[in-house]
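Visitor: Pasting protein21.txt below, which is compact mmCIF, C-alpha atoms and all ligand atoms.
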# COMPACT_ATOMS: atom_id res chain seq x y z
CA MET A 1 -18.56 -83.32 -70.64
CA ASN A 2 -17.51 -82.40 -67.13
CA LEU A 3 -18.40 -80.18 -64.19
CA SER A 4 -16.80 -76.80 -63.74
CA ASN A 5 -13.50 -76.69 -61.86
CA ARG A 6 -15.31 -74.61 -59.25
CA ILE A 7 -17.70 -77.45 -58.43
CA SER A 8 -15.27 -80.30 -59.01
CA ASN A 9 -12.86 -78.77 -56.50
CA LEU A 10 -15.54 -77.99 -53.94
CA GLU A 11 -15.50 -80.18 -50.83
CA GLU A 12 -18.75 -81.87 -49.89
CA SER A 13 -20.02 -80.64 -46.50
CA ALA A 14 -18.47 -83.06 -43.98
CA THR A 15 -21.37 -82.74 -41.58
CA LEU A 16 -23.93 -83.58 -44.28
CA ALA A 17 -21.71 -86.43 -45.55
CA MET A 18 -21.50 -88.00 -42.10
CA ALA A 19 -25.25 -87.61 -41.62
CA ALA A 20 -25.80 -89.37 -44.97
CA LYS A 21 -23.52 -92.26 -43.90
CA ALA A 22 -25.41 -92.61 -40.64
CA ARG A 23 -28.75 -92.58 -42.51
CA GLU A 24 -27.48 -95.31 -44.84
CA LEU A 25 -26.56 -97.54 -41.87
CA LYS A 26 -29.93 -96.79 -40.26
CA SER A 27 -31.73 -97.82 -43.46
CA GLN A 28 -29.98 -101.20 -43.14
CA GLY A 29 -31.61 -101.57 -39.73
CA VAL A 30 -28.57 -100.53 -37.65
CA ASP A 31 -29.44 -98.62 -34.48
CA VAL A 32 -27.31 -95.52 -35.14
CA ILE A 33 -27.30 -92.59 -32.74
CA SER A 34 -26.63 -89.50 -34.75
CA LEU A 35 -24.62 -86.80 -33.00
CA SER A 36 -23.25 -85.37 -36.22
CA LEU A 37 -25.74 -82.74 -37.32
CA GLY A 38 -26.11 -79.24 -35.92
CA GLU A 39 -29.85 -79.54 -35.60
CA PRO A 40 -32.03 -78.94 -32.55
CA ASP A 41 -33.96 -82.08 -31.60
CA PHE A 42 -36.88 -79.91 -30.47
CA LYS A 43 -39.95 -79.21 -32.58
CA THR A 44 -40.54 -75.65 -33.75
CA PRO A 45 -42.54 -74.02 -30.92
CA GLN A 46 -46.31 -74.17 -31.41
CA TYR A 47 -46.86 -70.40 -31.58
CA ILE A 48 -44.53 -70.21 -34.58
CA GLN A 49 -46.29 -73.09 -36.33
CA ASP A 50 -49.59 -71.31 -35.67
CA GLY A 51 -48.20 -68.12 -37.21
CA ALA A 52 -47.33 -70.05 -40.36
CA LYS A 53 -50.80 -71.66 -40.50
CA GLU A 54 -52.49 -68.29 -40.14
CA ALA A 55 -50.35 -66.94 -42.97
CA ILE A 56 -51.43 -69.81 -45.23
CA ASP A 57 -55.10 -69.50 -44.27
CA SER A 58 -55.13 -65.74 -44.86
CA GLY A 59 -54.46 -66.44 -48.54
CA LYS A 60 -52.36 -63.28 -48.63
CA TYR A 61 -48.88 -64.69 -49.03
CA PHE A 62 -48.91 -66.40 -52.41
CA ALA A 63 -46.87 -63.90 -54.46
CA TYR A 64 -43.12 -63.29 -54.67
CA PRO A 65 -42.09 -61.35 -51.56
CA PRO A 66 -39.70 -58.37 -51.94
CA VAL A 67 -36.18 -59.72 -52.53
CA ALA A 68 -34.72 -58.51 -49.20
CA GLY A 69 -37.73 -59.80 -47.23
CA TYR A 70 -41.11 -58.44 -46.15
CA GLN A 71 -40.83 -54.92 -44.84
CA ASP A 72 -42.53 -55.73 -41.50
CA LEU A 73 -40.11 -58.63 -40.91
CA ARG A 74 -37.11 -56.41 -41.71
CA VAL A 75 -38.46 -53.78 -39.31
CA ALA A 76 -38.95 -56.42 -36.59
CA ILE A 77 -35.40 -57.77 -37.10
CA ALA A 78 -33.95 -54.23 -36.97
CA ASP A 79 -35.97 -53.62 -33.83
CA LYS A 80 -34.63 -56.80 -32.20
CA LEU A 81 -31.05 -55.87 -33.13
CA ASN A 82 -31.54 -52.39 -31.64
CA LYS A 83 -33.10 -53.62 -28.39
CA GLU A 84 -31.25 -56.87 -27.72
CA ASN A 85 -27.91 -56.26 -29.43
CA ASN A 86 -27.53 -52.51 -29.17
CA ILE A 87 -26.89 -52.06 -32.91
CA PRO A 88 -28.73 -49.12 -34.55
CA TYR A 89 -29.87 -50.95 -37.70
CA LYS A 90 -32.85 -49.78 -39.73
CA ALA A 91 -34.92 -51.95 -42.09
CA GLU A 92 -32.65 -50.86 -45.00
CA ASN A 93 -29.74 -52.62 -43.27
CA ILE A 94 -31.51 -55.98 -43.13
CA VAL A 95 -31.60 -58.71 -45.80
CA VAL A 96 -33.55 -61.91 -45.12
CA SER A 97 -32.27 -65.04 -46.89
CA ASN A 98 -32.72 -68.76 -47.32
CA GLY A 99 -30.93 -69.61 -44.07
CA ALA A 100 -27.83 -67.95 -42.62
CA LYS A 101 -25.84 -70.08 -45.03
CA GLN A 102 -27.21 -68.09 -47.95
CA SER A 103 -26.70 -64.88 -45.96
CA ILE A 104 -22.98 -65.68 -45.65
CA ALA A 105 -22.73 -66.64 -49.32
CA ASN A 106 -24.41 -63.37 -50.33
CA VAL A 107 -21.96 -61.38 -48.21
CA MET A 108 -18.88 -63.17 -49.56
CA TYR A 109 -20.02 -62.85 -53.18
CA SER A 110 -20.78 -59.17 -52.59
CA LEU A 111 -17.38 -58.38 -51.07
CA ILE A 112 -14.72 -60.78 -52.36
CA ASN A 113 -12.81 -60.42 -55.61
CA PRO A 114 -10.59 -63.27 -56.85
CA GLY A 115 -7.37 -63.23 -54.82
CA ASP A 116 -8.81 -61.31 -51.87
CA GLU A 117 -7.99 -62.86 -48.52
CA VAL A 118 -10.56 -63.73 -45.87
CA ILE A 119 -9.27 -64.47 -42.39
CA ILE A 120 -11.18 -67.33 -40.79
CA PHE A 121 -10.99 -67.86 -37.04
CA SER A 122 -10.31 -71.57 -36.68
CA PRO A 123 -11.79 -74.01 -35.62
CA TYR A 124 -14.57 -72.78 -37.89
CA TRP A 125 -17.90 -73.77 -39.35
CA VAL A 126 -17.29 -75.98 -42.40
CA SER A 127 -18.97 -73.79 -45.00
CA TYR A 128 -16.92 -70.62 -44.44
CA SER A 129 -13.88 -71.79 -46.37
CA ALA A 130 -15.98 -73.54 -49.04
CA ILE A 131 -17.89 -70.32 -49.71
CA VAL A 132 -14.66 -68.26 -49.85
CA GLU A 133 -13.33 -70.78 -52.35
CA LEU A 134 -16.42 -70.39 -54.53
CA THR A 135 -15.80 -66.64 -54.70
CA GLU A 136 -12.19 -67.40 -55.75
CA GLY A 137 -10.95 -65.67 -52.62
CA THR A 138 -8.27 -67.18 -50.37
CA SER A 139 -8.97 -68.45 -46.86
CA VAL A 140 -6.33 -67.57 -44.29
CA PHE A 141 -6.72 -69.39 -40.99
CA ILE A 142 -5.79 -68.19 -37.53
CA SER A 143 -6.22 -70.86 -34.91
CA GLY A 144 -6.85 -71.30 -31.26
CA ASP A 145 -6.48 -74.70 -29.62
CA ILE A 146 -7.76 -76.33 -26.48
CA SER A 147 -5.24 -74.38 -24.35
CA THR A 148 -6.81 -71.06 -25.47
CA ASP A 149 -10.41 -72.30 -25.35
CA PHE A 150 -10.01 -72.55 -29.14
CA LYS A 151 -10.05 -68.78 -29.52
CA ALA A 152 -7.63 -67.02 -31.87
CA THR A 153 -6.53 -63.62 -30.63
CA ALA A 154 -6.43 -60.04 -31.89
CA LYS A 155 -2.63 -60.37 -32.03
CA GLN A 156 -2.89 -63.37 -34.37
CA LEU A 157 -5.38 -61.41 -36.45
CA GLU A 158 -3.01 -58.47 -36.77
CA GLU A 159 -0.15 -60.77 -37.82
CA ALA A 160 -2.30 -62.43 -40.50
CA ILE A 161 -3.41 -59.20 -42.18
CA THR A 162 -1.83 -58.41 -45.58
CA PRO A 163 -2.67 -55.78 -48.22
CA LYS A 164 -4.98 -58.41 -49.77
CA THR A 165 -7.09 -58.92 -46.62
CA LYS A 166 -10.68 -57.92 -47.25
CA ALA A 167 -12.62 -59.49 -44.43
CA LEU A 168 -12.63 -61.80 -41.44
CA ILE A 169 -15.27 -64.22 -40.23
CA PHE A 170 -15.91 -65.95 -36.91
CA SER A 171 -18.84 -67.40 -35.01
CA SER A 172 -19.56 -66.66 -31.35
CA PRO A 173 -20.91 -68.77 -29.73
CA CYS A 174 -18.74 -70.93 -31.96
CA ASN A 175 -19.60 -73.95 -34.03
CA PRO A 176 -17.76 -76.34 -33.45
CA THR A 177 -16.12 -75.39 -30.13
CA GLY A 178 -18.87 -73.68 -28.13
CA SER A 179 -16.43 -70.87 -27.27
CA VAL A 180 -17.83 -67.39 -26.68
CA PHE A 181 -15.75 -64.26 -27.21
CA THR A 182 -15.81 -61.91 -24.23
CA LYS A 183 -16.40 -58.19 -24.62
CA ALA A 184 -12.71 -57.48 -23.99
CA GLU A 185 -11.64 -59.99 -26.68
CA LEU A 186 -14.07 -58.47 -29.18
CA GLU A 187 -12.87 -54.97 -28.33
CA ALA A 188 -9.30 -56.01 -29.09
CA ILE A 189 -10.42 -57.56 -32.40
CA ALA A 190 -12.39 -54.39 -33.20
CA GLU A 191 -9.27 -52.23 -32.77
CA VAL A 192 -7.39 -54.31 -35.35
CA VAL A 193 -10.35 -54.23 -37.77
CA LYS A 194 -10.54 -50.43 -37.52
CA LYS A 195 -6.79 -49.95 -37.85
CA HIS A 196 -6.62 -52.00 -41.05
CA ASP A 197 -9.99 -50.96 -42.44
CA ILE A 198 -11.34 -54.43 -43.16
CA ILE A 199 -14.84 -55.91 -42.87
CA ALA A 200 -15.76 -58.22 -40.00
CA ILE A 201 -18.44 -60.84 -40.47
CA ALA A 202 -19.80 -61.80 -37.05
CA ASP A 203 -21.86 -64.99 -37.20
CA GLU A 204 -24.16 -64.86 -34.18
CA ILE A 205 -26.55 -67.66 -35.13
CA TYR A 206 -26.07 -69.35 -31.72
CA GLU A 207 -26.81 -66.12 -29.85
CA HIS A 208 -29.70 -67.64 -27.90
CA ILE A 209 -27.72 -70.68 -26.81
CA ASN A 210 -25.19 -68.87 -24.64
CA TYR A 211 -24.47 -69.95 -21.06
CA THR A 212 -22.51 -66.83 -20.16
CA ASP A 213 -24.29 -63.76 -18.87
CA GLU A 214 -23.77 -61.71 -21.97
CA HIS A 215 -23.83 -61.92 -25.71
CA VAL A 216 -21.80 -59.07 -27.19
CA SER A 217 -22.35 -58.13 -30.83
CA LEU A 218 -19.24 -56.83 -32.57
CA ALA A 219 -21.29 -54.26 -34.52
CA SER A 220 -22.37 -52.63 -31.24
CA LEU A 221 -18.80 -51.61 -30.36
CA PRO A 222 -17.67 -48.04 -31.13
CA GLY A 223 -16.77 -47.48 -34.77
CA MET A 224 -17.81 -51.01 -35.81
CA PHE A 225 -21.28 -50.42 -37.28
CA GLU A 226 -19.78 -49.39 -40.63
CA ARG A 227 -17.35 -52.31 -40.73
CA THR A 228 -19.40 -55.24 -39.51
CA VAL A 229 -21.90 -57.63 -41.02
CA THR A 230 -23.97 -59.31 -38.33
CA VAL A 231 -25.23 -62.74 -39.41
CA ASN A 232 -28.07 -64.37 -37.54
CA GLY A 233 -31.11 -66.57 -38.16
CA PHE A 234 -33.92 -68.63 -36.73
CA ALA A 235 -32.60 -72.17 -37.22
CA LYS A 236 -30.89 -72.76 -33.89
CA GLY A 237 -32.55 -70.54 -31.27
CA PHE A 238 -36.10 -71.19 -32.48
CA ALA A 239 -35.64 -74.81 -33.65
CA MET A 240 -36.46 -73.83 -37.23
CA THR A 241 -33.67 -75.42 -39.29
CA GLY A 242 -36.04 -76.63 -41.99
CA TRP A 243 -37.81 -73.30 -42.38
CA ARG A 244 -34.64 -71.77 -43.81
CA VAL A 245 -34.69 -68.21 -42.54
CA GLY A 246 -31.46 -66.33 -41.91
CA TYR A 247 -30.59 -62.65 -42.12
CA ILE A 248 -27.87 -60.05 -42.04
CA GLY A 249 -27.63 -56.61 -40.55
CA ALA A 250 -25.07 -54.63 -42.52
CA PRO A 251 -24.07 -51.18 -43.75
CA GLU A 252 -26.53 -50.25 -46.50
CA TRP A 253 -24.03 -50.61 -49.36
CA ILE A 254 -23.38 -54.25 -48.37
CA ALA A 255 -27.10 -54.93 -47.81
CA LYS A 256 -27.75 -53.61 -51.32
CA GLY A 257 -25.03 -55.85 -52.76
CA CYS A 258 -26.55 -58.88 -51.03
CA THR A 259 -30.02 -57.98 -52.29
CA LYS A 260 -28.69 -57.70 -55.85
CA MET A 261 -27.01 -61.11 -55.54
CA GLN A 262 -30.06 -62.76 -54.02
CA GLY A 263 -32.31 -61.18 -56.66
CA GLN A 264 -30.45 -63.10 -59.36
CA ILE A 265 -30.04 -66.40 -57.55
CA THR A 266 -33.11 -67.23 -55.44
CA SER A 267 -35.25 -64.08 -55.03
CA ALA A 268 -36.71 -63.71 -51.55
CA ASN A 269 -37.05 -66.72 -49.28
CA CYS A 270 -40.34 -68.55 -48.83
CA SER A 271 -43.25 -66.24 -47.93
CA ILE A 272 -44.72 -68.53 -45.25
CA ALA A 273 -41.34 -69.13 -43.61
CA GLN A 274 -40.92 -65.36 -43.37
CA ARG A 275 -44.31 -65.00 -41.67
CA ALA A 276 -43.30 -67.76 -39.25
CA ALA A 277 -40.06 -65.88 -38.54
CA LEU A 278 -42.00 -62.70 -37.82
CA THR A 279 -44.17 -64.64 -35.34
CA ALA A 280 -41.02 -66.06 -33.73
CA LEU A 281 -39.61 -62.59 -33.16
CA THR A 282 -42.77 -60.91 -31.97
CA GLY A 283 -44.16 -63.76 -29.82
CA ASP A 284 -43.30 -64.89 -26.30
CA ALA A 285 -39.76 -66.28 -26.43
CA THR A 286 -40.18 -68.60 -23.41
CA PRO A 287 -39.64 -71.77 -25.52
CA THR A 288 -36.30 -70.41 -26.75
CA LYS A 289 -35.19 -69.84 -23.15
CA GLU A 290 -36.39 -73.28 -22.10
CA MET A 291 -34.49 -74.97 -24.91
CA ALA A 292 -31.30 -73.11 -23.93
CA LYS A 293 -31.79 -74.27 -20.33
CA GLU A 294 -32.13 -77.86 -21.47
CA TYR A 295 -28.98 -77.58 -23.63
CA LEU A 296 -27.08 -76.37 -20.58
CA GLU A 297 -28.20 -79.39 -18.56
CA ARG A 298 -27.16 -81.69 -21.39
CA ARG A 299 -23.79 -79.96 -21.55
CA GLU A 300 -23.28 -80.85 -17.89
CA LEU A 301 -24.37 -84.42 -18.52
CA VAL A 302 -22.06 -84.91 -21.51
CA LYS A 303 -19.12 -83.16 -19.82
CA GLY A 304 -19.39 -85.62 -16.93
CA LEU A 305 -19.53 -88.59 -19.29
CA LEU A 306 -16.62 -87.37 -21.44
CA ASP A 307 -14.51 -86.85 -18.33
CA GLU A 308 -14.96 -90.54 -17.53
CA ILE A 309 -13.33 -91.60 -20.81
CA PRO A 310 -9.54 -91.92 -20.52
CA GLY A 311 -7.50 -89.78 -22.90
CA VAL A 312 -10.30 -87.40 -23.93
CA LYS A 313 -9.51 -83.71 -23.38
CA THR A 314 -12.22 -81.12 -23.69
CA ASN A 315 -12.93 -77.45 -23.03
CA VAL A 316 -16.17 -76.42 -21.35
CA PRO A 317 -18.32 -74.97 -24.13
CA GLN A 318 -19.98 -71.68 -23.17
CA GLY A 319 -22.61 -71.79 -25.88
CA ALA A 320 -24.03 -73.59 -28.96
CA PHE A 321 -24.63 -77.36 -28.54
CA TYR A 322 -21.34 -79.01 -29.39
CA PHE A 323 -18.35 -80.57 -27.70
CA PHE A 324 -15.09 -80.57 -29.63
CA PRO A 325 -12.90 -82.96 -27.66
CA ASP A 326 -9.26 -83.55 -28.48
CA MET A 327 -8.95 -87.28 -29.20
CA SER A 328 -5.35 -87.34 -30.37
CA SER A 329 -4.29 -89.70 -27.57
CA TYR A 330 -6.03 -92.47 -29.57
CA PHE A 331 -4.10 -91.81 -32.79
CA GLY A 332 -1.66 -94.60 -33.56
CA LYS A 333 -3.73 -97.16 -31.64
CA SER A 334 -5.35 -100.23 -33.19
CA SER A 335 -8.21 -102.64 -32.83
CA GLY A 336 -7.41 -105.96 -34.56
CA ASN A 337 -5.84 -105.00 -37.87
CA ARG A 338 -7.52 -101.62 -37.94
CA LYS A 339 -5.23 -98.70 -37.13
CA ILE A 340 -6.50 -95.24 -36.14
CA GLU A 341 -4.25 -92.67 -37.80
CA ASN A 342 -6.37 -89.54 -37.39
CA ALA A 343 -9.74 -88.05 -36.39
CA SER A 344 -11.43 -89.20 -39.62
CA ASP A 345 -10.37 -92.81 -38.97
CA LEU A 346 -11.63 -92.47 -35.42
CA CYS A 347 -15.05 -91.20 -36.54
CA ILE A 348 -15.43 -94.07 -39.01
CA TYR A 349 -14.34 -96.55 -36.31
CA ILE A 350 -16.84 -95.10 -33.81
CA LEU A 351 -19.62 -95.17 -36.42
CA GLU A 352 -18.94 -98.79 -37.35
CA GLU A 353 -18.05 -100.12 -33.90
CA ALA A 354 -20.29 -98.02 -31.62
CA HIS A 355 -22.94 -96.98 -34.16
CA VAL A 356 -22.61 -93.34 -33.13
CA SER A 357 -22.01 -90.68 -35.75
CA LEU A 358 -19.64 -87.78 -34.99
CA VAL A 359 -17.80 -85.44 -37.36
CA THR A 360 -14.04 -85.32 -37.81
CA GLY A 361 -12.36 -82.14 -36.59
CA GLU A 362 -10.40 -81.98 -39.84
CA ALA A 363 -13.52 -80.53 -41.43
CA PHE A 364 -13.46 -77.69 -38.90
CA GLY A 365 -9.73 -76.96 -39.00
CA ASP A 366 -8.45 -79.04 -36.06
CA ALA A 367 -7.32 -82.54 -36.93
CA ASN A 368 -6.93 -83.58 -33.28
CA CYS A 369 -10.62 -83.22 -32.47
CA VAL A 370 -14.05 -84.62 -33.25
CA ARG A 371 -17.33 -82.74 -33.03
CA LEU A 372 -20.15 -84.16 -30.97
CA SER A 373 -23.55 -82.45 -31.07
CA TYR A 374 -25.58 -82.71 -27.87
CA ALA A 375 -28.76 -81.58 -29.56
CA ALA A 376 -30.11 -85.06 -28.83
CA SER A 377 -32.20 -86.60 -26.06
CA ARG A 378 -30.52 -87.29 -22.70
CA GLU A 379 -31.27 -90.97 -23.16
CA ASP A 380 -29.49 -91.03 -26.54
CA LEU A 381 -26.57 -89.04 -25.14
CA VAL A 382 -26.05 -91.45 -22.23
CA GLU A 383 -26.26 -94.48 -24.51
CA ALA A 384 -23.99 -92.90 -27.16
CA LEU A 385 -21.29 -91.98 -24.65
CA LYS A 386 -21.43 -95.47 -23.15
CA ARG A 387 -20.93 -97.00 -26.58
CA ILE A 388 -18.11 -94.61 -27.45
CA LYS A 389 -16.33 -95.41 -24.18
CA THR A 390 -16.57 -99.15 -24.87
CA ALA A 391 -15.35 -98.76 -28.46
CA LEU A 392 -12.40 -96.63 -27.38
CA SER A 393 -11.45 -99.11 -24.66
CA LYS A 394 -10.87 -101.70 -27.40
CA LEU A 395 -8.10 -99.59 -28.93
CA SER A 396 -4.58 -100.31 -27.78
C1 LIG A 401 -22.00 -71.18 -37.31
C2 LIG A 401 -23.10 -71.39 -38.29
N1 LIG A 401 -23.44 -70.41 -39.13
C3 LIG A 401 -24.43 -70.55 -40.02
C4 LIG A 401 -25.16 -71.71 -40.11
C5 LIG A 401 -26.25 -71.82 -41.14
O1 LIG A 401 -27.51 -71.69 -40.61
P1 LIG A 401 -28.82 -71.88 -41.48
O2 LIG A 401 -29.37 -73.21 -41.14
O3 LIG A 401 -29.72 -70.75 -41.06
O4 LIG A 401 -28.44 -71.76 -42.92
C6 LIG A 401 -24.86 -72.78 -39.25
C7 LIG A 401 -25.59 -74.06 -39.34
O5 LIG A 401 -25.18 -75.08 -38.89
C8 LIG A 401 -23.81 -72.60 -38.31
O6 LIG A 401 -23.50 -73.59 -37.46
Show how you would write the structure in this file as structure tokens.
Guide:
Amino acid sequence: MNLSNRISNLEESATLAMAAKARELKSQGVDVISLSLGEPDFKTPQYIQDGAKEAIDSGKYFAYPPVAGYQDLRVAIADKLNKENNIPYKAENIVVSNGAKQSIANVMYSLINPGDEVIIFSPYWVSYSAIVELTEGTSVFISGDISTDFKATAKQLEEAITPKTKALIFSSPCNPTGSVFTKAELEAIAEVVKKHDIIAIADEIYEHINYTDEHVSLASLPGMFERTVTVNGFAKGFAMTGWRVGYIGAPEWIAKGCTKMQGQITSANCSIAQRAALTALTGDATPTKEMAKEYLERRELVKGLLDEIPGVKTNVPQGAFYFFPDMSSYFGKSSGNRKIENASDLCIYILEEAHVSLVTGEAFGDANCVRLSYAASREDLVEALKRIKTALSKLS
């Protein structure tokens, strides 16, 4: 008896694996500071919690919701995407899912045949390539590095396209690098997408955590509505990771494919979480803005502390809540008989020596880097960076 090749070959999520390791150490009484998960440290704002309570108390939301989501929520999402993102979606273009992760899986399963190629802008969020693999598609990576603010270009995209290319996927603001594509960069990407008639999947889940003046949605650019799937959700901007509400805006034929897929796998997502999401969208978004402001202050704090550590090179993230510093100057160094060969070794060393959990950049497509989430209290960030600095100073 054995598992399918599909599951046996599937990599475990590196971010969840690191979080599990940190939890294990914590359960042994070790004071671990966890900077490995992409999870806001804020509570879900009160007005959203109240919306969920009202939904429960009304007694109205006990039955299976429609597979693509409640109609009023889909209308509210379409409305938001019209007003804030300048994309003319209607409710028929929206599918609500069990987190943006399921949204992306629905899209890939709806579009990708075995052997189709999906171009992934690297560094990338860990699950993109795993999901492509599950669909038996092939991931093709185009990479930026620290010298290009980790952004791959339209030229690289054009060079990577083959007759088998079906789609591309990127996140902006980006997990893990915090990079944000400018309008001009997206326009250049859009030209290539149109020329080669492929589908672009624009993951905009960090939209609300953007320190630049503008968030540009690819689907809003001329000729891109019919070729773009916009992915978004409530986890990051509204501190609702556990509620599991994500969504897509997409051409109707793709939205229908995703609804068909979801109808056979999970049905709609939880009724109460959907009511909470509707409250989030229709209520006063001040808490979302306040959280983004706090993330920006923490970015400044962490940038200052990272700059004090010799040999650490970093970009200045323009969004999301991660740093992705290049730590390669420590590779080849040792502490006692322990040698650091790569970013994974370094993360294990920092976890065991400094009791701070980070994630190796290998999981995100750049083996020189580590990912540090600053969705943690200022106090924890200061202490964690102090411990990391001390641990690194022991390497020679
Ligand atoms: C870039 C990116 N896309 C999608 C997701 C998935 O979000 P959700 O929690 O809504 O499934 C994450 C979560 O970390 C993410 O970082």
Visitor: Can you work out which one of A:Ala239, A:Leu296, A:Ile272, A:Met291 has the shortest atom-to-atom distance to ligand LIG 401 (chain A), counting only C-alpha atoms and all ligand atoms?
Guide: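 Closest candidate: A:Ala239.
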Visitor: For a test of reading the model, state the distance in Å between atom CA of Val180 of chain A and atom P1 of ligand LIG 401 (chain A), rounded to one decimal.
Guide: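 Atom-to-atom, atom CA of Val180 of chain A and atom P1 of ligand LIG 401 (chain A) are spaced 19.0 Å apart.
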Visitor: Can you work out which one of A:Val231, A:Val216, A:Ser143, A:Leu381 has the shortest atom-to-atom distance to Arg298 of chain A, counting only C-alpha atoms?
Guide: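 Smallest separation from Arg298 of chain A among the options: A:Leu381.
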Visitor: Got a sec to check which residues lie within 8 Å of ligand LIG 401 (chain A), using all atoms listed in the file, and send them as a short mmCIF file (atom, residue, chain, number, x, y, z; two decimals) with C-alpha atoms, in the frame of the given file?
Guide:
data_model
loop_
_atom_site.label_atom_id
_atom_site.label_comp_id
_atom_site.auth_asym_id
_atom_site.auth_seq_id
_atom_site.Cartn_x
_atom_site.Cartn_y
_atom_site.Cartn_z
CA LEU A 37 -25.74 -82.74 -37.32
CA GLY A 38 -26.11 -79.24 -35.92
CA GLU A 39 -29.85 -79.54 -35.60
CA ASN A 98 -32.72 -68.76 -47.32
CA GLY A 99 -30.93 -69.61 -44.07
CA ALA A 100 -27.83 -67.95 -42.62
CA LYS A 101 -25.84 -70.08 -45.03
CA GLN A 102 -27.21 -68.09 -47.95
CA SER A 103 -26.70 -64.88 -45.96
CA ILE A 104 -22.98 -65.68 -45.65
CA TYR A 124 -14.57 -72.78 -37.89
CA TRP A 125 -17.90 -73.77 -39.35
CA SER A 171 -18.84 -67.40 -35.01
CA SER A 172 -19.56 -66.66 -31.35
CA CYS A 174 -18.74 -70.93 -31.96
CA ASN A 175 -19.60 -73.95 -34.03
CA PRO A 176 -17.76 -76.34 -33.45
CA ASP A 203 -21.86 -64.99 -37.20
CA GLU A 204 -24.16 -64.86 -34.18
CA ILE A 205 -26.55 -67.66 -35.13
CA TYR A 206 -26.07 -69.35 -31.72
CA VAL A 231 -25.23 -62.74 -39.41
CA ASN A 232 -28.07 -64.37 -37.54
CA GLY A 233 -31.11 -66.57 -38.16
CA PHE A 234 -33.92 -68.63 -36.73
CA ALA A 235 -32.60 -72.17 -37.22
CA LYS A 236 -30.89 -72.76 -33.89
CA THR A 241 -33.67 -75.42 -39.29
CA GLY A 242 -36.04 -76.63 -41.99
CA ARG A 244 -34.64 -71.77 -43.81
CA VAL A 245 -34.69 -68.21 -42.54
CA GLY A 246 -31.46 -66.33 -41.91
#
Visitor: Can you tell me how far atom CA of Ser36 of chain A sits from atom CA of Arg338 of chain A, in Å to one decimal?
Guide: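 Straight-line distance from atom CA of Ser36 of chain A to atom CA of Arg338 of chain A works out to 22.7 Å.
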Visitor: Could you put an axis-aligned box around every listed atom of segment 257-269 of chain A, padded by 5 Å on each side, and send me its centre and edge lengths in Å to one decimal, as AutoDock Vina command-line options?
Guide:
--center_x -31.0 --center_y -61.5 --center_z -54.3 --size_x 22.0 --size_y 21.4 --size_z 20.1
Visitor: Excluding Asp57 of chain A and its own-chain neighbours fewer than 6 positions away, which residues fall within 12 Å of it when counting only C-alpha atoms? Please give them as a PDB file with C-alpha atoms, in the frame of the given file.
Guide:
ATOM      1  CA  ASP A  50     -49.590 -71.310 -35.670  1.00  0.00           C
ATOM      2  CA  GLY A  51     -48.200 -68.120 -37.210  1.00  0.00           C
ATOM      3  CA  ILE A 272     -44.720 -68.530 -45.250  1.00  0.00           C
ATOM      4  CA  ARG A 275     -44.310 -65.000 -41.670  1.00  0.00           C
TER       5      ARG A 275
END
Visitor: Mind listing whatever residues come within 7 Å of the point (-38.6, -51.1, -42.7)? Use all atoms listed in the file, file coordinates, and give them as a ChimeraX atom specification.
Guide: /A:71-72,74-75,90-92
Visitor: I want to know what sits within 7 Å of segment 162-166 of chain A, based on only C-alpha atoms, with residues of the same chain fewer than 3 positions away left out; could you give that as a list in words?
Guide: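 The filter keeps Asp116, Glu117, Val118, Ile198 and Ile199 of chain A.
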